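Structure, as structure tokens:
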Amino acid sequence: MLELTTPEIVRRIEAGRTFQAEAIDAGFFIRIAEWQPVVGTAIHDGHRLRPELQVKCRLSELERWQEEDPCTAQMIEALPITLVGLDSRYEYDLNRPPAEAIYDTAWGRKVWRSPLTKANRLRSLEKHTRYYKVLDALLKQLVARFESAVIYDLHSYNRLRWDRPVPTFNLGWDLVDEERYGNVCHSLVDALGRVDWPAEIPASVASNDVFKGHGYQCRWVCSQHPQVVDLALEVAKVYCNEEDGTLYPAVVEGIAGGLKEALSQHASAFAERFTSVPDGKASRLLAKGAELELKKVDEAIHQCVKGFELLEYINPINLAAERRAFFASRFQKTPDFKYRPLGFDARALKRKLHRVPVEKLTDPDIRALYEACVTGYVDKVDLLSDLGTPRFLYGSLRYFGAPTEKDVRNALYLMQLPPVEQEPMATLSAAAAAEKFEAALTDYGFTAKVMVSPRMVADAMVLGQQRTVLIKKGARFSPKALTRLVHHEIGVHMVTSENAALQPLKLPTFGTPVNTMTQEGLAVLSEYLSGTISLDRLRELGLRVLACDQMVRGAGFPETFSMLVDEHGMDVDQAFFLCARAYRGGGFTKDHLYLRGFRKVLRMWRRGEDLSPLLLGKCSLEWEEVLREMVERELLVAPRHQPRAFEAPSLEANDPIYDYIVTGIR
């Protein structure tokens with residue numbers, strides 16, 4: 001981090017530069033990620049006290065902390081411009097005028113053991129003055145650029161001192177020009193009230209209740225910069241134990257996320273009405289472009305996991321031999337699958353992942369996304385560490401989950417449907433399939449290898465990071481099934497891999513956590529929209545759910561195989577490979593997500609929702625809103641490639657009854 005004097009900071013502001021720095025001759029941090037008419041201040045966040053003052057202070061660390069505003073800086077990190085106090089308000093209070101900024105007594109307690117010298121006081125007051133010089137330069141620059149600006153002046157307060165119910169959020173605006181900015185204040189209260197706050201945050205909101213906004217910063221801004229509105233926002237200390245200083249990090253994150261949502265929307269409306277910013281889109285008032293720390297974190301995770309393909313290790317290397325043994329035993333011998341050794345040091349990889357400094361990311365939503373990515377990869381590394389053992393199933397359940405009752409009901413619904421049409425004979429070989437895949441790659445303009453592999457459980461698979469399509473040796477395909485598979489593998493999996501390769505960040509390449517449901521749902525949607533869906537294919541997805549459910553409930557491989565063949569009439573070869581998909585590794589629950597994913601993305605498509613954030617790469621529905629915002633903020637770019645079936649659906653090629661059938665998947 002840069003360390004600059006306040007004159008150097010002022011010069012950078014006047015030159016219109018973006019930067020972040022600590023003022024070495026004062027006690028604050030400034031960050032200008034992007035020039036926007038939106039500022040967040042957390043002037044009481046600091047806890048530092050100069051050594052010569054520490055020895056004179058009567059108060060304990062906890063007693064000082066109780067009157068400071070811890071974590072308020074973290075709550076405004078998503079804003080494009082922030083000013084954060086680093087010194088304790090017990091050294092000098094930035095929210096009081098200079099003559100009153102240094103306490104002798106505060107909240108009924110004497111502050112100092114011995115009187116402060118004139119030099120002690122002068123040094124503290126110089127810091128106070130320098131803060132307001134920088135704030136003055138900043139607001140002049142904002143008014144010159146945008147005509148007006150809004151400051152979110154964040155503080156916290158001790159709610160337990162009140163003998164009545166108090167709001168979680170209090171907006172103090174007693175000094176604000178009501179005629180001009182009254183609607184601005186009311187709209188912020190409304191925005192805070194609309195946030196879907198986590199359950200642990202009692203999100204009551206009030207105006208001029210516990211505090212009325214009479215702090216010095218509000219008064220100074222009103223008098224010196226009438227074109228700027230300073231909104232004093234107090235948050236009750238629901239995010240900590242006020243008595244012993246214990247912080248609740250998840251609640252802090254929840255408040256930060258909620259404030260980001262409310263303040264960005266509010267700032268957008270303010271900018272549209274009072275400033276020269278032409279576009280009032282909320283995300284546009286957050287920082288555009290990848291900050292240096294975001295690029296560092298993104299690249300660090302990529303370097304940890306590049307080349308990491310879960311399925312490469314989970315596919316058995318003795319699949320053909322175990323199939324022969326299973327059939328020779330008349331379907332009684334449980335296959336003993338073997339796997340290739342891990343090509344990495346699992347413990348070392350987890351250590352590297354845990355060392356990625358995700359906590360340095362300033363945006364709470366993006367930070368949460370990258371934290372989830374790290375956790376997800378650690379879970380996958382743990383999963384592979386247990387490959388071929390009974391523990392593998394528990395890791396799979398932790399990462400992919402298990403079929404729900406709704407999943408099983410949907411699967412059984414598909415089993416009960418009468419025949420619709422006869423699936424054509426599977427006459428095409430793996431070599432013919434390779435030619436079809438190569439033609440599809442040429443049509444899309446993609447460069448990738450197509451290889452036939454004897455170690456495949458699935459009929460085909462895309463390894464996106466390796467730009468490779470694998471086809472199972474010995475597989476046979478009907479023309480319709482092969483076209484369907486091309487729409488699935490090339491039309492979605494290769495399309496998303498190519499889109500990911502064009503991104504300024506590596507996030508879409510290494511993927512958001514548990515993206516299987518979304519990506520496989522999109523791939524099945526591509527099959528449906530291409531007009532190549534069949535009841536056999538839908539039943540196969542349902543049978544995967546039932547096989548996973550059986551396996552999770554403790555059934556062995558032969559028992560599940562028998563269920564597929566005897567109860568549902570599945571071909572023995574197909575039943576073996578479907579069971580192998582479910583039992584490989586020691587119990588792999590991924591396959592139950594295909595049907596659920598199809599149901600979810602089909603519903604979105606029918607509502608006319610934009611699916612493009614899900615096509616950026618290995619992306620999941622859980623993080624759709626964050627990904628969409630990252631595109632709007634130019635951290636990611638809109639996907640260049642689209643599945644052919646999405647661009648030009650051919651639903652008329654399906655039997656009309658399929659429209660009825662898929663509506664029955666609840």
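Please note that chains go A, B, ... in the order of the structure tokens, that every chain numbers its residues from 1, and that ligands are numbered from 1 in the order shown.
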
**OP:** Mind checking which residues fall within 6 Å of A:Asp153, counting only C-alpha atoms, ignoring those fewer than 5 positions away in the same chain, and posting them as a list in words?
**Re:** Thr41, Leu231, Ala232 and Leu233 of chain A

Mind dumping the selected residues with C-alpha atoms as an mmCIF file, in the first residue's frame?
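The file below, part05.cif, is the result:
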data_model
loop_
_atom_site.group_PDB
_atom_site.id
_atom_site.type_symbol
_atom_site.label_atom_id
_atom_site.label_comp_id
_atom_site.auth_asym_id
_atom_site.auth_seq_id
_atom_site.Cartn_x
_atom_site.Cartn_y
_atom_site.Cartn_z
ATOM 1 C CA THR A 41 -16.613 7.360 5.161
ATOM 2 C CA LEU A 231 -26.041 11.119 5.131
ATOM 3 C CA ALA A 232 -25.106 10.031 8.654
ATOM 4 C CA LEU A 233 -25.989 6.363 8.916
#

**OP:** May I have all residues of stretch 572-646 of chain A that DSSP, computed from the backbone, assigns to alpha helix (DSSP H), given as JSON, numbers by chain?
**Re:** {"A": [572, 573, 574, 575, 576, 577, 578, 579, 580, 581, 582, 583, 593, 594, 595, 596, 597, 598, 599, 600, 601, 602, 603, 604, 605, 606, 624, 625, 626, 627, 628, 629, 630, 631, 632, 644, 645, 646]}

Write the selection just made, keeping N, CA and C atoms, as a short mmCIF file (atom, residue, chain, number, x, y, z; two decimals), in the first residue's frame?
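The resulting again_34.cif:
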data_model
loop_
_atom_site.label_atom_id
_atom_site.label_comp_id
_atom_site.auth_asym_id
_atom_site.auth_seq_id
_atom_site.Cartn_x
_atom_site.Cartn_y
_atom_site.Cartn_z
N VAL A 572 -28.73 -54.01 -20.27
CA VAL A 572 -27.72 -54.38 -19.28
C VAL A 572 -26.43 -53.59 -19.45
N ASP A 573 -26.02 -53.35 -20.70
CA ASP A 573 -24.81 -52.55 -20.91
C ASP A 573 -25.00 -51.14 -20.38
N GLN A 574 -26.14 -50.54 -20.73
CA GLN A 574 -26.41 -49.18 -20.27
C GLN A 574 -26.51 -49.13 -18.75
N ALA A 575 -27.13 -50.16 -18.16
CA ALA A 575 -27.28 -50.20 -16.70
C ALA A 575 -25.91 -50.31 -16.03
N PHE A 576 -25.00 -51.09 -16.61
CA PHE A 576 -23.67 -51.21 -16.02
C PHE A 576 -22.98 -49.85 -16.00
N PHE A 577 -22.98 -49.16 -17.13
CA PHE A 577 -22.27 -47.88 -17.19
C PHE A 577 -22.94 -46.81 -16.32
N LEU A 578 -24.27 -46.88 -16.22
CA LEU A 578 -24.93 -45.91 -15.35
C LEU A 578 -24.56 -46.18 -13.88
N CYS A 579 -24.52 -47.46 -13.51
CA CYS A 579 -24.10 -47.79 -12.14
C CYS A 579 -22.64 -47.40 -11.91
N ALA A 580 -21.81 -47.61 -12.93
CA ALA A 580 -20.40 -47.24 -12.79
C ALA A 580 -20.27 -45.74 -12.55
N ARG A 581 -21.11 -44.94 -13.21
CA ARG A 581 -21.08 -43.49 -12.99
C ARG A 581 -21.39 -43.17 -11.53
N ALA A 582 -22.35 -43.89 -10.95
CA ALA A 582 -22.78 -43.60 -9.59
C ALA A 582 -21.80 -44.14 -8.54
N TYR A 583 -21.20 -45.30 -8.81
CA TYR A 583 -20.38 -45.97 -7.78
C TYR A 583 -18.89 -45.70 -7.92
N LEU A 593 -27.83 -34.30 -10.32
CA LEU A 593 -28.03 -32.87 -10.54
C LEU A 593 -28.49 -32.53 -11.95
N TYR A 594 -28.34 -33.45 -12.92
CA TYR A 594 -28.70 -33.14 -14.30
C TYR A 594 -30.18 -32.80 -14.43
N LEU A 595 -31.02 -33.65 -13.86
CA LEU A 595 -32.46 -33.44 -14.00
C LEU A 595 -32.90 -32.18 -13.27
N ARG A 596 -32.36 -31.95 -12.08
CA ARG A 596 -32.71 -30.75 -11.33
C ARG A 596 -32.25 -29.50 -12.08
N GLY A 597 -31.06 -29.56 -12.63
CA GLY A 597 -30.55 -28.41 -13.38
C GLY A 597 -31.39 -28.12 -14.61
N PHE A 598 -31.79 -29.15 -15.32
CA PHE A 598 -32.65 -28.96 -16.50
C PHE A 598 -33.95 -28.29 -16.10
N ARG A 599 -34.55 -28.75 -15.02
CA ARG A 599 -35.81 -28.15 -14.56
C ARG A 599 -35.64 -26.66 -14.27
N LYS A 600 -34.55 -26.30 -13.61
CA LYS A 600 -34.35 -24.90 -13.22
C LYS A 600 -34.09 -24.00 -14.42
N VAL A 601 -33.18 -24.41 -15.32
CA VAL A 601 -32.84 -23.51 -16.43
C VAL A 601 -33.96 -23.49 -17.48
N LEU A 602 -34.71 -24.59 -17.61
CA LEU A 602 -35.85 -24.58 -18.52
C LEU A 602 -36.88 -23.56 -18.06
N ARG A 603 -37.11 -23.52 -16.76
CA ARG A 603 -38.06 -22.55 -16.22
C ARG A 603 -37.59 -21.12 -16.50
N MET A 604 -36.30 -20.88 -16.35
CA MET A 604 -35.76 -19.55 -16.65
C MET A 604 -35.94 -19.21 -18.14
N TRP A 605 -35.64 -20.17 -19.00
CA TRP A 605 -35.77 -19.94 -20.44
C TRP A 605 -37.21 -19.63 -20.82
N ARG A 606 -38.13 -20.35 -20.23
CA ARG A 606 -39.54 -20.12 -20.56
C ARG A 606 -40.03 -18.75 -20.08
N GLU A 624 -25.38 -16.22 -9.98
CA GLU A 624 -25.79 -15.53 -11.21
C GLU A 624 -25.81 -14.01 -11.03
N GLU A 625 -26.37 -13.52 -9.93
CA GLU A 625 -26.48 -12.07 -9.75
C GLU A 625 -25.10 -11.42 -9.64
N VAL A 626 -24.17 -12.07 -8.95
CA VAL A 626 -22.83 -11.51 -8.82
C VAL A 626 -22.14 -11.51 -10.18
N LEU A 627 -22.29 -12.58 -10.95
CA LEU A 627 -21.68 -12.65 -12.28
C LEU A 627 -22.26 -11.59 -13.20
N ARG A 628 -23.56 -11.40 -13.13
CA ARG A 628 -24.21 -10.37 -13.96
C ARG A 628 -23.65 -8.99 -13.60
N GLU A 629 -23.51 -8.73 -12.31
CA GLU A 629 -22.96 -7.45 -11.88
C GLU A 629 -21.52 -7.29 -12.34
N MET A 630 -20.75 -8.37 -12.30
CA MET A 630 -19.35 -8.29 -12.73
C MET A 630 -19.25 -7.96 -14.22
N VAL A 631 -20.20 -8.43 -15.00
CA VAL A 631 -20.23 -8.06 -16.43
C VAL A 631 -20.57 -6.58 -16.57
N GLU A 632 -21.57 -6.11 -15.82
CA GLU A 632 -21.97 -4.70 -15.89
C GLU A 632 -20.84 -3.78 -15.45
N ARG A 644 -25.89 -23.06 -30.42
CA ARG A 644 -26.71 -22.95 -31.63
C ARG A 644 -28.19 -23.15 -31.30
N ALA A 645 -28.47 -24.07 -30.39
CA ALA A 645 -29.87 -24.36 -30.07
C ALA A 645 -30.52 -23.20 -29.33
N PHE A 646 -29.75 -22.38 -28.63
CA PHE A 646 -30.31 -21.21 -27.96
C PHE A 646 -30.59 -20.10 -28.97
#

Original post:
Which residues, written as a PyMOL selection string, have at least one atom at most 8 Å from stretch 18-35 of chain A, with only C-alpha atoms counted and residues fewer than 2 positions away on the same chain left out?
Top reply: chain A and resi 1-6+9+12-13+16+37+43+80-87+126-128+130-131+142+286-288+291

**OP:** Give the answer as one residue: which of A:Pro70, A:Pro403, A:Gly474, A:Pro357 has the shortest atom-to-atom distance to A:Gln550, using only C-alpha atoms?
**Re:**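 Residue with the minimum atom-to-atom distance to A:Gln550: A:Pro403.
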
Original post:
Residues at most 8 Å from A:Ser264, counting only C-alpha atoms, excluding those fewer than 3 positions away in the same chain, as a PyMOL selection string?
Top reply: chain A and resi 79+259-261+267-268+282-283+285-286

Using only C-alpha atoms, please write the residues we just selected to a file, as an mmCIF file, in the first residue's frame.
data_model
loop_
_atom_site.group_PDB
_atom_site.id
_atom_site.type_symbol
_atom_site.label_atom_id
_atom_site.label_comp_id
_atom_site.auth_asym_id
_atom_site.auth_seq_id
_atom_site.Cartn_x
_atom_site.Cartn_y
_atom_site.Cartn_z
ATOM 1 C CA LEU A 79 -18.141 1.876 -2.731
ATOM 2 C CA LEU A 259 -25.385 -2.053 2.498
ATOM 3 C CA LYS A 260 -23.747 -2.638 -0.873
ATOM 4 C CA GLU A 261 -27.160 -3.472 -2.343
ATOM 5 C CA ALA A 267 -26.531 6.205 -5.175
ATOM 6 C CA SER A 268 -27.750 5.333 -8.649
ATOM 7 C CA ALA A 282 -26.577 0.848 -9.730
ATOM 8 C CA SER A 283 -23.636 -1.369 -10.604
ATOM 9 C CA LEU A 285 -21.572 3.416 -9.582
ATOM 10 C CA LEU A 286 -19.421 0.665 -8.137
#

Subject >> Distance query A:Tyr413 at most 10 Å, only C-alpha atoms, self and fewer than 5 positions along chain excluded, as a list in words >> reply: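 Surrounding residues, per the criterion: Asp407, Val408, Arg539, Gly542, Ile661, Gly664, Ile665 and Arg666 of chain A.
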
**OP:** Quick one: everything within 10 Å of A:Lys295, counting only C-alpha atoms, minus sequence neighbours fewer than 4 positions away in the same chain. Send it as a list in words.
**Re:** Gly289, Ala290, Glu291, Glu299, Ala300, Leu361, Pro504, Leu505, Lys506, Leu507 and Leu635 of chain A

**OP:** Compile the contact shell of A:Ala149 as JSON, numbers by chain: residues with an atom at most 12 Å away, counting only C-alpha atoms, same-chain residues fewer than 2 positions apart removed.
**Re:** {"A": [35, 36, 37, 38, 39, 40, 81, 138, 139, 140, 141, 142, 143, 144, 145, 146, 147, 151, 152, 181, 184, 221, 225, 226, 227, 228, 229, 230, 231, 267, 268, 269, 270, 271, 272, 273, 274, 275, 276, 277, 285]}

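Of the residues listed (A:Ala434, A:Leu502, A:Leu417, A:Ala137), A:Ala137 shows the shortest atom-to-atom separation from A:Ala15; distances use only C-alpha atoms.
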
Original post:
Which of these, A:Asp549, A:Glu421, A:Asp345, A:Glu312, has the shortest distance to A:Arg455 once you count only C-alpha atoms?
Top reply: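 The closest residue to A:Arg455 is A:Glu312.
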
**OP:** Would you mind reading off the distance between atom CA of A:Cys548 and atom CA of A:His592, one decimal, in Å?
**Re:**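 These atoms are spaced 6.4 Å apart.
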
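You will find atom CA of A:Gly586 at 16.7 Å from atom CA of A:Val545.
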